[in-house]
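A.B. asks: Structure supplied as input28.tsv; contents: TSV, C-alpha atoms.
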chain	number	residue	atom	x	y	z
A	1	MET	CA	28.04	9.53	3.30
A	2	LYS	CA	25.67	10.43	6.14
A	3	LYS	CA	22.00	9.55	5.64
A	4	PHE	CA	18.97	11.38	7.02
A	5	LEU	CA	15.43	10.14	7.67
A	6	THR	CA	12.21	11.85	8.75
A	7	VAL	CA	9.21	9.79	9.81
A	8	LEU	CA	6.25	12.19	9.72
A	9	CYS	CA	3.32	10.83	11.74
A	10	ASP	CA	0.51	13.06	10.49
A	11	GLY	CA	-1.74	14.37	13.28
A	12	MET	CA	-0.08	12.16	15.92
A	13	ALA	CA	-0.05	14.81	18.67
A	14	ASP	CA	-3.11	14.95	20.91
A	15	ARG	CA	-4.48	16.32	24.16
A	16	ASP	CA	-4.70	14.65	27.56
A	17	ASP	CA	-7.81	12.63	28.31
A	18	ALA	CA	-9.45	12.50	31.74
A	19	ASN	CA	-6.56	10.34	32.95
A	20	GLY	CA	-3.93	12.76	31.72
A	21	ARG	CA	-2.81	10.52	28.86
A	22	THR	CA	-2.64	10.78	25.08
A	23	PRO	CA	-2.38	8.11	22.35
A	24	MET	CA	1.39	8.78	22.30
A	25	ASP	CA	1.49	7.87	26.00
A	26	GLU	CA	-0.57	4.73	25.46
A	27	ALA	CA	1.10	3.42	22.31
A	28	ASN	CA	3.71	0.67	22.58
A	29	LYS	CA	6.46	2.40	20.59
A	30	PRO	CA	9.82	1.06	21.85
A	31	THR	CA	11.91	2.37	18.96
A	32	MET	CA	10.57	5.93	19.19
A	33	ASP	CA	11.14	5.93	22.94
A	34	MET	CA	14.65	4.46	22.68
A	35	LEU	CA	15.74	7.00	20.06
A	36	CYS	CA	14.13	9.85	21.98
A	37	LYS	CA	15.91	8.95	25.23
A	38	ALA	CA	19.26	8.95	23.38
A	39	GLY	CA	18.34	11.96	21.28
A	40	LEU	CA	16.91	15.44	21.46
A	41	THR	CA	13.25	16.20	22.09
A	42	GLY	CA	11.18	19.32	22.55
A	43	LEU	CA	8.26	21.25	21.12
A	44	VAL	CA	8.10	22.99	17.73
A	45	LYS	CA	5.66	25.54	16.37
A	46	THR	CA	4.73	24.40	12.86
A	47	VAL	CA	1.82	26.83	12.38
A	48	PRO	CA	2.97	30.42	11.74
A	49	ASN	CA	0.96	33.19	13.36
A	50	GLY	CA	-2.18	34.00	11.40
A	51	MET	CA	-2.21	30.70	9.48
A	52	LYS	CA	-4.42	27.65	9.93
A	53	ALA	CA	-3.19	24.27	11.17
A	54	GLY	CA	-3.51	22.54	7.81
A	55	SER	CA	-1.44	19.57	6.69
A	56	ASP	CA	-0.30	21.74	3.79
A	57	VAL	CA	1.14	24.48	6.01
A	58	CYS	CA	2.60	22.05	8.54
A	59	ASN	CA	4.23	19.62	6.09
A	60	LEU	CA	5.81	22.57	4.29
A	61	ALA	CA	7.27	23.61	7.64
A	62	ALA	CA	8.45	20.07	8.41
A	63	LEU	CA	10.29	20.00	5.06
A	64	GLY	CA	12.09	23.22	5.87
A	65	TYR	CA	9.97	25.80	4.05
A	66	ASP	CA	8.45	28.96	5.51
A	67	PRO	CA	4.70	28.71	4.81
A	68	SER	CA	4.21	32.41	5.51
A	69	VAL	CA	6.37	33.12	2.46
A	70	CYS	CA	5.74	30.27	0.00
A	71	TYR	CA	2.20	29.04	0.70
A	72	THR	CA	-0.29	29.52	-2.16
A	73	GLY	CA	-3.00	27.07	-1.08
A	74	ARG	CA	-3.48	23.36	-0.52
A	75	SER	CA	-5.18	22.25	-3.71
A	76	PRO	CA	-2.47	23.37	-6.16
A	77	LEU	CA	0.03	21.12	-4.41
A	78	GLU	CA	-2.37	18.21	-4.80
A	79	ALA	CA	-3.02	19.13	-8.43
A	80	LEU	CA	0.71	19.15	-9.12
A	81	SER	CA	1.02	15.66	-7.67
A	82	MET	CA	-1.85	14.51	-9.91
A	83	GLY	CA	0.03	15.71	-12.99
A	84	ILE	CA	-2.26	18.68	-13.70
A	85	GLU	CA	-0.49	21.47	-15.56
A	86	LEU	CA	-1.22	24.87	-14.04
A	87	GLY	CA	-0.83	28.36	-15.44
A	88	ALA	CA	-0.18	31.47	-13.38
A	89	SER	CA	-3.83	32.56	-13.61
A	90	ASP	CA	-5.41	29.18	-12.84
A	91	VAL	CA	-7.17	28.54	-9.53
A	92	THR	CA	-7.48	25.07	-8.05
A	93	TYR	CA	-9.80	23.51	-5.47
A	94	ARG	CA	-9.75	20.33	-3.42
A	95	VAL	CA	-12.96	18.32	-3.96
A	96	ASN	CA	-13.97	15.70	-1.39
A	97	LEU	CA	-16.55	12.99	-1.88
A	98	VAL	CA	-18.51	13.21	1.38
A	99	THR	CA	-21.48	11.65	3.15
A	100	LEU	CA	-24.27	14.02	4.16
A	101	SER	CA	-27.36	13.14	6.15
A	102	ASP	CA	-30.84	13.33	4.62
A	103	ALA	CA	-32.97	16.45	5.06
A	104	ASP	CA	-35.61	18.26	3.02
A	105	ARG	CA	-33.49	21.38	2.80
A	106	PHE	CA	-29.91	21.02	1.59
A	107	GLU	CA	-28.57	23.40	4.24
A	108	ASP	CA	-30.11	21.28	7.02
A	109	ARG	CA	-28.06	18.22	6.12
A	110	GLU	CA	-25.23	17.23	8.47
A	111	MET	CA	-21.65	16.37	7.53
A	112	LEU	CA	-21.48	12.70	8.53
A	113	ASP	CA	-18.19	11.70	6.88
A	114	TYR	CA	-15.59	13.82	5.04
A	115	SER	CA	-14.24	10.67	3.32
A	116	ALA	CA	-17.46	8.89	2.22
A	117	GLY	CA	-16.50	5.90	4.33
A	118	GLU	CA	-12.90	5.96	3.01
A	119	ILE	CA	-14.24	5.12	-0.40
A	120	THR	CA	-11.87	3.16	-2.64
A	121	THR	CA	-10.03	4.86	-5.48
A	122	ASP	CA	-11.70	2.71	-8.15
A	123	GLU	CA	-15.18	3.50	-6.83
A	124	ALA	CA	-14.38	7.17	-6.48
A	125	ARG	CA	-13.07	7.52	-10.02
A	126	ARG	CA	-16.30	6.13	-11.43
A	127	LEU	CA	-18.30	8.60	-9.36
A	128	ILE	CA	-16.08	11.53	-10.35
A	129	SER	CA	-16.48	10.55	-14.01
A	130	SER	CA	-20.26	10.83	-13.63
A	131	LEU	CA	-19.94	14.35	-12.17
A	132	GLY	CA	-17.81	15.94	-14.89
A	133	GLY	CA	-20.81	17.35	-16.74
A	134	ILE	CA	-22.10	19.47	-13.89
A	135	PHE	CA	-18.68	21.01	-13.22
A	136	ALA	CA	-18.24	22.64	-16.63
A	137	PRO	CA	-16.58	25.04	-17.28
A	138	LEU	CA	-14.41	23.89	-14.37
A	139	GLU	CA	-12.23	20.83	-14.91
A	140	LEU	CA	-12.80	17.95	-12.49
A	141	HIS	CA	-9.90	15.52	-11.99
A	142	ALA	CA	-10.04	12.19	-10.14
A	143	GLY	CA	-7.48	11.59	-7.41
A	144	ILE	CA	-7.08	8.97	-4.69
A	145	SER	CA	-9.95	7.69	-2.52
A	146	TYR	CA	-12.13	10.65	-1.51
A	147	ARG	CA	-9.55	13.31	-2.51
A	148	HIS	CA	-10.03	14.98	-5.92
A	149	ALA	CA	-9.35	18.30	-7.63
A	150	ALA	CA	-11.07	20.97	-9.72
A	151	VAL	CA	-9.41	23.68	-11.82
A	152	MET	CA	-10.81	27.02	-12.95
A	153	ARG	CA	-8.68	28.18	-15.86
A	154	GLY	CA	-8.10	31.92	-15.71
A	155	GLY	CA	-9.98	32.04	-12.45
A	156	ALA	CA	-9.87	34.34	-9.45
A	157	LEU	CA	-9.35	33.99	-5.72
A	158	GLY	CA	-11.84	35.24	-3.17
A	159	THR	CA	-14.13	32.33	-2.30
A	160	GLU	CA	-14.34	31.29	1.36
A	161	PHE	CA	-14.51	27.56	2.09
A	162	THR	CA	-14.65	25.36	5.18
A	163	PRO	CA	-12.81	22.00	5.21
A	164	PRO	CA	-15.34	19.18	5.63
A	165	HIS	CA	-13.34	17.53	8.41
A	166	ASP	CA	-13.87	20.68	10.50
A	167	ILE	CA	-17.67	20.34	10.56
A	168	LEU	CA	-18.30	16.68	11.30
A	169	GLY	CA	-21.71	16.23	12.91
A	170	LYS	CA	-22.74	19.81	12.12
A	171	LYS	CA	-25.40	21.16	9.78
A	172	ILE	CA	-23.72	22.44	6.64
A	173	GLY	CA	-25.89	25.55	6.23
A	174	GLY	CA	-23.52	27.79	8.18
A	175	TYR	CA	-20.45	26.52	6.34
A	176	LEU	CA	-21.44	26.64	2.66
A	177	PRO	CA	-19.04	28.47	0.31
A	178	ARG	CA	-19.19	32.25	0.40
A	179	GLY	CA	-17.61	35.10	-1.47
A	180	LYS	CA	-16.73	35.41	-5.15
A	181	PHE	CA	-17.85	31.97	-6.37
A	182	GLY	CA	-19.79	30.90	-3.28
A	183	GLU	CA	-23.08	30.44	-5.13
A	184	LEU	CA	-21.39	28.42	-7.88
A	185	PHE	CA	-19.79	25.93	-5.48
A	186	THR	CA	-22.90	25.66	-3.34
A	187	SER	CA	-24.86	24.87	-6.51
A	188	LEU	CA	-22.31	22.22	-7.50
A	189	ALA	CA	-22.65	20.53	-4.12
A	190	GLU	CA	-26.46	20.54	-4.37
A	191	ARG	CA	-26.50	19.26	-7.95
A	192	SER	CA	-24.05	16.50	-7.12
A	193	VAL	CA	-26.62	15.02	-4.72
A	194	ASP	CA	-28.99	14.28	-7.60
A	195	VAL	CA	-26.22	12.70	-9.70
A	196	LEU	CA	-24.89	10.52	-6.91
A	197	ARG	CA	-28.14	9.49	-5.21
A	198	ASN	CA	-28.87	6.35	-7.25
A	199	HIS	CA	-25.47	5.74	-8.78
A	200	PRO	CA	-24.72	1.97	-8.91
A	201	ILE	CA	-21.54	2.48	-6.88
A	202	ASN	CA	-23.51	4.02	-4.03
A	203	VAL	CA	-26.28	1.45	-4.26
A	204	ALA	CA	-23.67	-1.29	-3.89
A	205	ARG	CA	-21.94	0.48	-1.00
A	206	VAL	CA	-25.20	0.85	0.93
A	207	ALA	CA	-26.02	-2.82	0.28
A	208	LYS	CA	-22.76	-3.91	1.91
A	209	GLY	CA	-23.14	-1.52	4.85
A	210	SER	CA	-20.64	1.13	3.67
A	211	ARG	CA	-21.32	4.84	3.65
A	212	PRO	CA	-22.26	6.21	0.21
A	213	ALA	CA	-20.73	9.29	-1.38
A	214	THR	CA	-23.77	11.55	-1.34
A	215	ALA	CA	-22.22	14.89	-2.41
A	216	VAL	CA	-19.04	16.74	-3.34
A	217	TRP	CA	-17.51	19.38	-1.09
A	218	ALA	CA	-14.98	21.88	-2.46
A	219	TRP	CA	-12.37	23.68	-0.36
A	220	GLY	CA	-8.64	24.54	-0.26
A	221	GLU	CA	-8.58	27.27	-2.93
A	222	GLY	CA	-5.12	28.12	-4.29
A	223	THR	CA	-2.81	29.04	-7.16
A	224	LYS	CA	0.34	27.56	-8.69
A	225	PRO	CA	2.90	26.85	-5.94
A	226	ARG	CA	6.34	28.47	-5.73
A	227	LEU	CA	8.90	26.46	-3.74
A	228	ASP	CA	12.68	26.70	-3.65
A	229	ASP	CA	14.49	23.63	-4.95
A	230	PHE	CA	15.20	21.38	-1.95
A	231	PHE	CA	18.70	20.41	-3.11
A	232	ALA	CA	19.64	24.03	-3.72
A	233	LYS	CA	18.27	24.93	-0.29
A	234	PHE	CA	19.86	22.16	1.80
A	235	GLY	CA	22.40	20.38	-0.41
A	236	LYS	CA	20.59	17.08	0.07
A	237	LYS	CA	19.04	14.84	-2.58
A	238	ALA	CA	15.62	13.99	-1.18
A	239	THR	CA	12.88	11.40	-1.68
A	240	VAL	CA	9.28	11.81	-0.49
A	241	ILE	CA	7.16	8.73	0.25
A	242	SER	CA	3.46	9.29	0.92
A	243	ALA	CA	-0.02	8.12	-0.06
A	244	VAL	CA	-1.31	11.70	-0.01
A	245	ASP	CA	-1.30	13.92	-3.10
A	246	LEU	CA	-0.72	17.01	-0.96
A	247	VAL	CA	2.61	15.73	0.40
A	248	LYS	CA	3.69	14.30	-2.95
A	249	GLY	CA	2.87	17.68	-4.48
A	250	ILE	CA	5.18	19.45	-2.04
A	251	GLY	CA	7.91	17.03	-3.04
A	252	LYS	CA	7.40	17.67	-6.74
A	253	ALA	CA	7.22	21.43	-6.26
A	254	GLY	CA	10.52	21.28	-4.38
A	255	GLY	CA	12.27	19.20	-7.04
A	256	MET	CA	12.42	16.07	-4.88
A	257	ASN	CA	12.12	12.47	-5.99
A	258	VAL	CA	8.54	11.30	-5.32
A	259	VAL	CA	7.69	7.61	-5.06
A	260	ASP	CA	4.28	6.39	-6.18
A	261	ILE	CA	3.03	3.43	-4.12
A	262	PRO	CA	-0.32	2.21	-5.51
A	263	THR	CA	-1.10	0.11	-2.43
A	264	ALA	CA	-0.57	2.99	0.03
A	265	THR	CA	-3.96	4.16	1.31
A	266	GLY	CA	-3.25	6.93	3.82
A	267	THR	CA	-5.12	5.02	6.55
A	268	VAL	CA	-4.14	2.92	9.57
A	269	ASP	CA	-4.21	-0.08	7.18
A	270	THR	CA	-1.81	1.35	4.59
A	271	ASP	CA	0.85	-0.82	2.97
A	272	TYR	CA	3.63	-0.30	5.50
A	273	ASP	CA	5.90	-2.89	3.91
A	274	ALA	CA	5.79	-1.17	0.54
A	275	LYS	CA	6.62	2.18	2.14
A	276	ARG	CA	9.51	0.67	4.10
A	277	ILE	CA	10.94	-1.05	1.04
A	278	ALA	CA	10.62	2.16	-0.97
A	279	ALA	CA	12.47	4.09	1.75
A	280	GLN	CA	15.30	1.56	1.89
A	281	LYS	CA	15.68	1.69	-1.90
A	282	ALA	CA	15.60	5.49	-1.85
A	283	PHE	CA	18.73	5.58	0.31
A	284	ASP	CA	20.62	4.08	-2.62
A	285	ILE	CA	20.14	7.31	-4.58
A	286	CYS	CA	19.33	9.96	-1.95
A	287	ASP	CA	20.76	11.50	1.20
A	288	TYR	CA	17.40	12.26	2.78
A	289	VAL	CA	14.13	10.30	2.89
A	290	PHE	CA	10.85	11.76	4.13
A	291	VAL	CA	8.27	9.06	4.96
A	292	HIS	CA	4.77	10.41	5.57
A	293	LEU	CA	2.14	8.30	7.38
A	294	GLU	CA	-1.44	9.58	7.39
A	295	GLY	CA	-3.03	6.99	9.70
A	296	PRO	CA	-2.93	8.90	13.03
A	297	ASP	CA	-4.56	11.95	11.42
A	298	GLU	CA	-7.37	9.94	9.83
A	299	CYS	CA	-8.14	8.27	13.17
A	300	GLY	CA	-8.03	11.64	14.93
A	301	HIS	CA	-10.64	13.05	12.54
A	302	GLN	CA	-12.82	9.99	13.16
A	303	GLY	CA	-12.53	10.32	16.93
A	304	ASP	CA	-11.01	6.83	17.02
A	305	ARG	CA	-8.58	6.82	19.95
A	306	ALA	CA	-7.84	3.10	19.78
A	307	GLY	CA	-7.20	3.35	16.04
A	308	LYS	CA	-4.87	6.29	16.53
A	309	THR	CA	-2.89	4.42	19.17
A	310	LEU	CA	-2.68	1.42	16.84
A	311	ALA	CA	-1.48	3.62	13.97
A	312	ILE	CA	1.38	4.95	16.11
A	313	GLN	CA	2.34	1.42	17.13
A	314	ARG	CA	2.36	0.22	13.53
A	315	ILE	CA	4.54	3.13	12.43
A	316	ASP	CA	7.02	2.28	15.18
A	317	GLU	CA	7.06	-1.46	14.45
A	318	LEU	CA	6.73	-1.54	10.67
A	319	ILE	CA	8.48	1.66	9.55
A	320	LEU	CA	10.79	3.19	12.14
A	321	ALA	CA	12.30	0.04	13.69
A	322	PRO	CA	13.30	-1.68	10.43
A	323	LEU	CA	14.61	1.55	8.89
A	324	TYR	CA	16.65	2.29	12.01
A	325	ASN	CA	18.09	-1.23	11.94
A	326	ALA	CA	18.95	-0.90	8.25
A	327	LEU	CA	20.75	2.39	8.88
A	328	VAL	CA	22.69	0.85	11.76
A	329	SER	CA	23.65	-2.14	9.60
A	330	SER	CA	24.97	0.14	6.87
A	331	GLY	CA	27.86	1.17	9.11
A	332	GLU	CA	27.50	4.79	7.96
A	333	PRO	CA	26.54	7.76	10.16
A	334	PHE	CA	22.88	8.75	10.13
A	335	ALA	CA	20.28	10.95	11.79
A	336	ILE	CA	16.53	10.42	12.26
A	337	SER	CA	13.74	12.82	13.13
A	338	VAL	CA	10.23	11.78	14.14
A	339	MET	CA	7.38	14.25	14.48
A	340	PRO	CA	3.74	14.93	13.67
A	341	ASP	CA	2.95	17.88	11.46
A	342	HIS	CA	0.22	19.15	13.79
A	343	ALA	CA	-2.13	17.83	16.47
A	344	THR	CA	-5.43	16.16	15.56
A	345	PRO	CA	-7.00	15.52	18.98
A	346	VAL	CA	-9.63	12.79	19.02
A	347	SER	CA	-11.68	14.96	21.39
A	348	VAL	CA	-12.23	17.68	18.77
A	349	ARG	CA	-11.68	15.64	15.57
A	350	THR	CA	-9.87	18.41	13.71
A	351	HIS	CA	-6.44	20.03	13.46
A	352	THR	CA	-5.30	22.33	16.26
A	353	PRO	CA	-2.40	24.82	16.20
A	354	GLU	CA	-0.52	24.14	19.46
A	355	PRO	CA	3.22	23.33	19.32
A	356	ILE	CA	3.88	19.65	18.71
A	357	PRO	CA	6.59	17.24	19.95
A	358	PHE	CA	9.60	16.36	17.84
A	359	MET	CA	12.62	14.21	18.40
A	360	ILE	CA	16.01	13.90	16.66
A	361	TYR	CA	18.45	11.03	17.02
A	362	ASP	CA	21.95	11.44	15.57
A	363	SER	CA	24.41	8.56	15.56
A	364	GLU	CA	27.27	11.07	15.87
A	365	LYS	CA	25.84	13.15	18.73
A	366	ASP	CA	24.97	12.49	22.35
A	367	TYR	CA	21.86	14.56	23.00
A	368	ALA	CA	20.59	12.16	25.71
A	369	SER	CA	17.22	13.68	26.59
A	370	GLY	CA	16.56	10.70	28.86
A	371	VAL	CA	12.79	10.84	28.32
A	372	PRO	CA	10.38	8.80	26.16
A	373	PHE	CA	8.59	10.42	23.23
A	374	SER	CA	5.35	12.17	24.16
A	375	GLU	CA	3.78	15.60	24.31
A	376	LYS	CA	4.37	16.18	28.02
A	377	HIS	CA	7.93	14.77	28.03
A	378	ALA	CA	8.85	16.94	25.06
A	379	LYS	CA	7.53	19.98	26.93
A	380	SER	CA	9.44	19.00	30.09
A	381	THR	CA	12.82	19.41	28.36
A	382	GLY	CA	12.32	23.14	27.86
A	383	VAL	CA	13.50	22.88	24.25
A	384	PHE	CA	11.29	24.99	21.98
A	385	PHE	CA	11.69	25.77	18.28
A	386	GLU	CA	9.78	28.82	17.10
A	387	ARG	CA	9.78	27.75	13.43
A	388	GLY	CA	8.95	24.35	11.96
A	389	ALA	CA	12.02	24.52	9.73
A	390	HIS	CA	14.26	24.44	12.83
A	391	VAL	CA	13.76	20.66	13.06
A	392	ILE	CA	15.17	19.83	9.64
A	393	GLU	CA	17.88	22.47	10.03
A	394	THR	CA	18.96	20.79	13.28
A	395	LEU	CA	18.71	17.35	11.68
A	396	PHE	CA	21.04	18.52	8.89
A	397	SER	CA	23.17	20.59	11.32
A	398	VAL	CA	22.54	23.65	9.17
A	399	GLU	CA	22.79	25.73	12.32
A	400	ASN	CA	23.94	24.88	15.82
A	401	ARG	CA	20.67	25.60	17.61
A	402	ILE	CA	21.20	23.50	20.74
If you convert what's in this file into structure tokens, what do you get?
C.D. replies:
Amino acid sequence: MKKFLTVLCDGMADRDDANGRTPMDEANKPTMDMLCKAGLTGLVKTVPNGMKAGSDVCNLAALGYDPSVCYTGRSPLEALSMGIELGASDVTYRVNLVTLSDADRFEDREMLDYSAGEITTDEARRLISSLGGIFAPLELHAGISYRHAAVMRGGALGTEFTPPHDILGKKIGGYLPRGKFGELFTSLAERSVDVLRNHPINVARVAKGSRPATAVWAWGEGTKPRLDDFFAKFGKKATVISAVDLVKGIGKAGGMNVVDIPTATGTVDTDYDAKRIAAQKAFDICDYVFVHLEGPDECGHQGDRAGKTLAIQRIDELILAPLYNALVSSGEPFAISVMPDHATPVSVRTHTPEPIPFMIYDSEKDYASGVPFSEKHAKSTGVFFERGAHVIETLFSVENRI
């Protein structure tokens, strides 16, 4: 039976530097380039008109869903992955542990780090436990690293938030929550400063030269997700492998098998071997495996061009190459797609909505693009998909689009 693989390199796409090159141009990625030259490449629009270039929207599109129809917010997908039961009237929020600068007035503080120095999960859970009291009547749930969740039972939509990774280096005063519960969430952020200031976890982090978690920052409002069952939609049994609750939540909402890898961090230093092994095992029970790697996106947000290039190289060497070789060795037909979900240019350190490159290799088809995998080479082919779902539909040959 034919097997299908997607390697999703979160935020991998970028913009040219002064020399006209991107991290995809600079990365040593022989397997991506080999498969692209023998396969199909082009650009795909993963951000529907009127929507923001969030990983939620774009990973939904990469998995074949139409975000303009099914999207109900980012945080409920993460909450679902965390095992939080949601009712139809519940509203959820993503809660980051962040690092703010010092200032006399709260609104004059700057957003220094949306991840509190990529704080560890164990440290973060102790900090979140100390904050539960100030969140009542909201529920506060600990997640992974800096990523956590809050739930307002019987709540209401209508609060405007700004993702913390969009305001790095900026004063927070112009980006504090507004609307229905704006004052509540601004108050929570302010009160969290007093709780976290002298917490032993933060004292220890400062002593070893790590950034402390100085506040919480809520965003990503949403309600219970509604996704079609993936198997019913495509006739493929699927497995999702990711370190990120958002992506695992999409998998669970779509009825897919979701693998939990405790050593996966969502950074350039994630446990690649564990993800590769999990993907190989998943092919024993599934037709389709979706492997999500967060490293390029994290480096893009940090403005770390060298780190982003390294993340792409590690994905090629430690994930794509061995999985390709295993599929070849199986003797069965297979197809592989590789793509980012969106661009996260190091020059702007946030997500941007331009079309992104994709490539598809199929052992039974001779696409033969003849070009390596990069933004400009993908554009040069003239192939353009208007919807993100076109990539997985072409991978599965749902429609003959070429």
A.B. asks: Need to verify the contact set: Ser347 (chain A), 12 Å, only C-alpha atoms, exclusion of same-chain residues closer than 6 positions in sequence. Can you return it as a PyMOL selection string?
C.D. replies: chain A and resi 13-18+22-23+299-305
A.B. asks: Would you please work out which residue, of A:Ser397, A:Thr223, A:Thr162, A:Ser380, is nearest to Gly174 (chain A) when using only C-alpha atoms?
C.D. replies: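 Counting only C-alpha atoms, the residue closest to Gly174 (chain A) is A:Thr162.
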A.B. asks: Considering all atoms listed in the file, return as a PyMOL selection string whatever protein or nucleic-acid residues lie within 6 Å of region 34-51 of chain A, sequence-local ones (same chain, fewer than 4 positions apart) excluded.
C.D. replies: chain A and resi 30+58+61+355-361+367-373+378-379+383-388
A.B. asks: Name the residues within 7 Å of (-8.6, 29.4, -13.5), counting all atoms listed in the file in the file's coordinates, and put them as a ChimeraX atom specification.
C.D. replies: /A:89-91,151-156
A.B. asks: Store the residues of this selection in a file with C-alpha atoms, as a PDB file, keeping the file's coordinate frame.
C.D. replies:
ATOM      1  CA  SER A  89      -3.830  32.560 -13.610  1.00  0.00           C
ATOM      2  CA  ASP A  90      -5.410  29.180 -12.840  1.00  0.00           C
ATOM      3  CA  VAL A  91      -7.170  28.540  -9.530  1.00  0.00           C
ATOM      4  CA  VAL A 151      -9.410  23.680 -11.820  1.00  0.00           C
ATOM      5  CA  MET A 152     -10.810  27.020 -12.950  1.00  0.00           C
ATOM      6  CA  ARG A 153      -8.680  28.180 -15.860  1.00  0.00           C
ATOM      7  CA  GLY A 154      -8.100  31.920 -15.710  1.00  0.00           C
ATOM      8  CA  GLY A 155      -9.980  32.040 -12.450  1.00  0.00           C
ATOM      9  CA  ALA A 156      -9.870  34.340  -9.450  1.00  0.00           C
TER      10      ALA A 156
END
A.B. asks: Counting all atoms listed in the file, figure out which residue out of A:Ala213, A:Val259, A:Leu97, A:Met111 gets nearest to Asp245 (chain A).
C.D. replies: A:Val259
A.B. asks: Pick the closest to Glu118 (chain A) from A:Lys180, A:His148, A:Lys237, A:Arg211: which is it, counting all atoms listed in the file?
C.D. replies: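 Checking each of A:Lys180, A:His148, A:Lys237, A:Arg211 against Glu118 (chain A), counting all atoms listed in the file, the winner is A:Arg211.
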A.B. asks: Residues near region 308-311 of chain A, anyone? I mean within 8 Å using all atoms listed in the file, not counting same-chain ones fewer than 5 positions away, as a list in words.
C.D. replies: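 Those residues are Met12, Pro23, Met24, Glu26, Ala27, Val268, Gly295, Pro296, Asp297, Cys299 and Gly300 of chain A.
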A.B. asks: If you take every atom of region 88-92 of chain A that the file lists and fit an axis-aligned box around them with 8 Å extra on each side, what centre and edge lengths come out in Å to one decimal, as JSON?
C.D. replies:
{"center_x": -3.8, "center_y": 28.8, "center_z": -10.8, "size_x": 23.3, "size_y": 23.5, "size_z": 21.6}
A.B. asks: Step by step: start from the point (-15.8, 10.4, -6.6) in the file's coordinates, keep every protein, DNA or RNA residue that has an atom no farther than 9 Å from it, count all atoms listed in the file, and write the set as a short mmCIF file (atom, residue, chain, number, x, y, z; two decimals) with C-alpha atoms, in the coordinates of the input.
C.D. replies:
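To be explicit, this is the file written out as out_11.cif:
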data_model
loop_
_atom_site.label_atom_id
_atom_site.label_comp_id
_atom_site.auth_asym_id
_atom_site.auth_seq_id
_atom_site.Cartn_x
_atom_site.Cartn_y
_atom_site.Cartn_z
CA VAL A 95 -12.96 18.32 -3.96
CA ASN A 96 -13.97 15.70 -1.39
CA LEU A 97 -16.55 12.99 -1.88
CA VAL A 98 -18.51 13.21 1.38
CA ILE A 119 -14.24 5.12 -0.40
CA THR A 121 -10.03 4.86 -5.48
CA ASP A 122 -11.70 2.71 -8.15
CA GLU A 123 -15.18 3.50 -6.83
CA ALA A 124 -14.38 7.17 -6.48
CA ARG A 125 -13.07 7.52 -10.02
CA ARG A 126 -16.30 6.13 -11.43
CA LEU A 127 -18.30 8.60 -9.36
CA ILE A 128 -16.08 11.53 -10.35
CA SER A 129 -16.48 10.55 -14.01
CA SER A 130 -20.26 10.83 -13.63
CA LEU A 131 -19.94 14.35 -12.17
CA ALA A 142 -10.04 12.19 -10.14
CA GLY A 143 -7.48 11.59 -7.41
CA SER A 145 -9.95 7.69 -2.52
CA TYR A 146 -12.13 10.65 -1.51
CA ARG A 147 -9.55 13.31 -2.51
CA HIS A 148 -10.03 14.98 -5.92
CA ALA A 213 -20.73 9.29 -1.38
CA ALA A 215 -22.22 14.89 -2.41
CA VAL A 216 -19.04 16.74 -3.34
#
A.B. asks: Find the residue from A:Phe334, A:Trp219, A:Tyr324, A:Tyr93 that sits nearest to His141 (chain A); use only C-alpha atoms when measuring.
C.D. replies: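 Checking each candidate against His141 (chain A), we get A:Tyr93 as the closest.
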A.B. asks: Distance CA of Leu395 (chain A)-CA of Pro333 (chain A), one decimal place?
C.D. replies: 12.5 Å
A.B. asks: Can you work out the spacing between CA of Gly11 (chain A) and CA of Ile319 (chain A) in Å, to one decimal?
C.D. replies: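 Those two atoms sit 16.7 Å apart.
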A.B. asks: Suppose you want the space between CA of Asp10 (chain A) and CA of Glu294 (chain A); what is it in Å?
C.D. replies: 5.1 Å
A.B. asks: How close does region 107-158 of chain A get to region 163-167 of chain A? List, as CSV, each residue of region 107-158 of chain A within 12 Å, its nearest atom pair and the distance in Å to one decimal, counting only C-alpha atoms.
C.D. replies:
residue,atom,partner,partner_atom,distance
A:Arg109,CA,A:Ile167,CA,11.5
A:Glu110,CA,A:Ile167,CA,8.4
A:Met111,CA,A:Ile167,CA,6.4
A:Leu112,CA,A:Ile167,CA,8.8
A:Asp113,CA,A:His165,CA,7.7
A:Tyr114,CA,A:Pro164,CA,5.4
A:Ser115,CA,A:His165,CA,8.6
A:Ala116,CA,A:Pro164,CA,11.0
A:Tyr146,CA,A:Pro164,CA,11.6
A:Arg147,CA,A:Pro164,CA,11.6
A.B. asks: Determine, using all atoms listed in the file, which residues of region 338-357 of chain A have any atom at most 12 Å from an atom of region 63-69 of chain A, and tabulate each with its shortest atom pair and distance in Å to one decimal place, rows ordered by chain and then rising number, as a Markdown table.
C.D. replies:
| residue | atom | partner | partner_atom | distance |
| --- | --- | --- | --- | --- |
| A:Met339 | CA | A:Leu63 | CA | 11.4 |
| A:Pro340 | CA | A:Leu63 | CA | 11.9 |
| A:Asp341 | CA | A:Leu63 | CA | 10.0 |
A.B. asks: With a distance cut-off of 12 Å and only C-alpha atoms, select the neighbouring residues of Leu184 (chain A), excluding the residue or stretch itself and same-chain residues fewer than 5 positions from it, and output the selection as a ChimeraX atom specification.
C.D. replies: /A:134-138,152,159-160,176-179,189-191,217-218
A.B. asks: Which of these, A:Lys252, A:Arg105, A:Lys365, A:His342, has the shortest distance to Ser55 (chain A) once you count only C-alpha atoms?
C.D. replies: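 For Ser55 (chain A), the nearest of the given residues is A:His342.
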